[in-house]
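A.B. asks: For reference, the structure I am asking about is given below.
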Amino acid sequence: MNEAEARHFLQEHNYYFKLAAYRGNYVKNQYGPNAGKYDRLDFAYLEELSKIDMELRYLIMHMCLDIEHQIKVMLMDRIEKNPEEDGYGIVREFDKEEQCRQKNT
């Protein structure tokens with residue numbers, strides 16, 4: 001990736017410090033004229049890692065939303081099948097907890 005492409009990517013799609021964090025996955029040269037520089041690291045590799053990171057974040061976020069929905073469905077099913085619960089008891093308990101929380105703040 002050339003410098004102009006890298007500049008465009010940073011200006012339009014990401015920021016330097018986030019991409020720079022990915023370079024820790026690469027080995028630095030220990031000796032020779034390139035000592036202290038990353039071995040065979042191109043900016044394009046960092047760009048690709050940032051895209052993979054974004055896709056992973058979106059996948060995990062989607063999974064969390066699906067899990068949250070399923071937990072709510074299961075909770076409602078249990079409440080509805082409990083003959084000792086009319087629904088109002090849960091609201092009263094919530095209100096009682098909320099009042100205690102407000103008193104303690």
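The way I read the labels, and the way they are meant: chains A, B, ... in the order of the structure tokens, residue 1 as the first residue of every chain, and ligand 1 as the first ligand shown, with later ones counted on from there.
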Which residues, written as a list in words, have at least one atom at most 10 Å from A:Tyr22, with only C-alpha atoms counted and residues fewer than 2 positions away on the same chain left out?

C.D. replies: Phe17, Lys18, Leu19, Ala20, Gly24, Asn25, Tyr26, Tyr45, Leu46, Glu47, Leu49, Ser50 and Asp53 of chain A

A.B. asks: Output N, CA and C atoms for every residue in that selection, as a short mmCIF file (atom, residue, chain, number, x, y, z; two decimals), in the first residue's frame.

C.D. replies:
data_model
loop_
_atom_site.label_atom_id
_atom_site.label_comp_id
_atom_site.auth_asym_id
_atom_site.auth_seq_id
_atom_site.Cartn_x
_atom_site.Cartn_y
_atom_site.Cartn_z
N PHE A 17 -3.81 5.24 16.00
CA PHE A 17 -3.49 4.51 17.22
C PHE A 17 -4.16 3.15 17.27
N LYS A 18 -5.34 3.05 16.69
CA LYS A 18 -6.00 1.74 16.65
C LYS A 18 -5.23 0.79 15.73
N LEU A 19 -4.86 1.28 14.57
CA LEU A 19 -4.09 0.44 13.65
C LEU A 19 -2.72 0.11 14.20
N ALA A 20 -2.11 1.06 14.86
CA ALA A 20 -0.78 0.84 15.41
C ALA A 20 -0.79 -0.29 16.45
N GLY A 24 1.73 -4.95 17.03
CA GLY A 24 2.31 -5.79 18.08
C GLY A 24 2.25 -7.27 17.75
N ASN A 25 1.47 -7.63 16.76
CA ASN A 25 1.38 -9.04 16.33
C ASN A 25 2.54 -9.44 15.42
N TYR A 26 3.37 -8.48 15.08
CA TYR A 26 4.48 -8.74 14.16
C TYR A 26 5.81 -8.66 14.89
N TYR A 45 -1.54 -4.77 5.71
CA TYR A 45 -1.84 -5.85 6.67
C TYR A 45 -2.58 -5.29 7.88
N LEU A 46 -2.18 -4.11 8.32
CA LEU A 46 -2.86 -3.47 9.45
C LEU A 46 -4.29 -3.08 9.06
N GLU A 47 -4.44 -2.60 7.84
CA GLU A 47 -5.77 -2.27 7.33
C GLU A 47 -6.67 -3.52 7.34
N LEU A 49 -6.36 -6.25 9.14
CA LEU A 49 -6.66 -6.63 10.52
C LEU A 49 -7.76 -5.75 11.10
N SER A 50 -7.75 -4.47 10.76
CA SER A 50 -8.80 -3.58 11.27
C SER A 50 -10.17 -3.96 10.70
N ASP A 53 -11.27 -7.07 12.53
CA ASP A 53 -11.70 -6.66 13.87
C ASP A 53 -13.11 -6.09 13.84
#

A.B. asks: Any idea what the distance is between atom CA of A:His69 and atom CA of A:Gln102?

C.D. replies: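 Atom CA of A:Gln102 lies at a distance of 28.2 Å from atom CA of A:His69.
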
A.B. asks: Can you tell me, as an MDAnalysis selection string, what residues are no more than 12 Å from stretch 72-77 of chain A when counting only C-alpha atoms, ignoring any on the same chain fewer than 6 positions away?

C.D. replies: chainID A and resid 65:66 83 85:87 90

A.B. asks: How far is it from atom CA of A:Leu56 to atom CA of A:Asp42, in Å with one decimal?

C.D. replies: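 About the pair atom CA of A:Leu56 and atom CA of A:Asp42: they are 21.7 Å apart.
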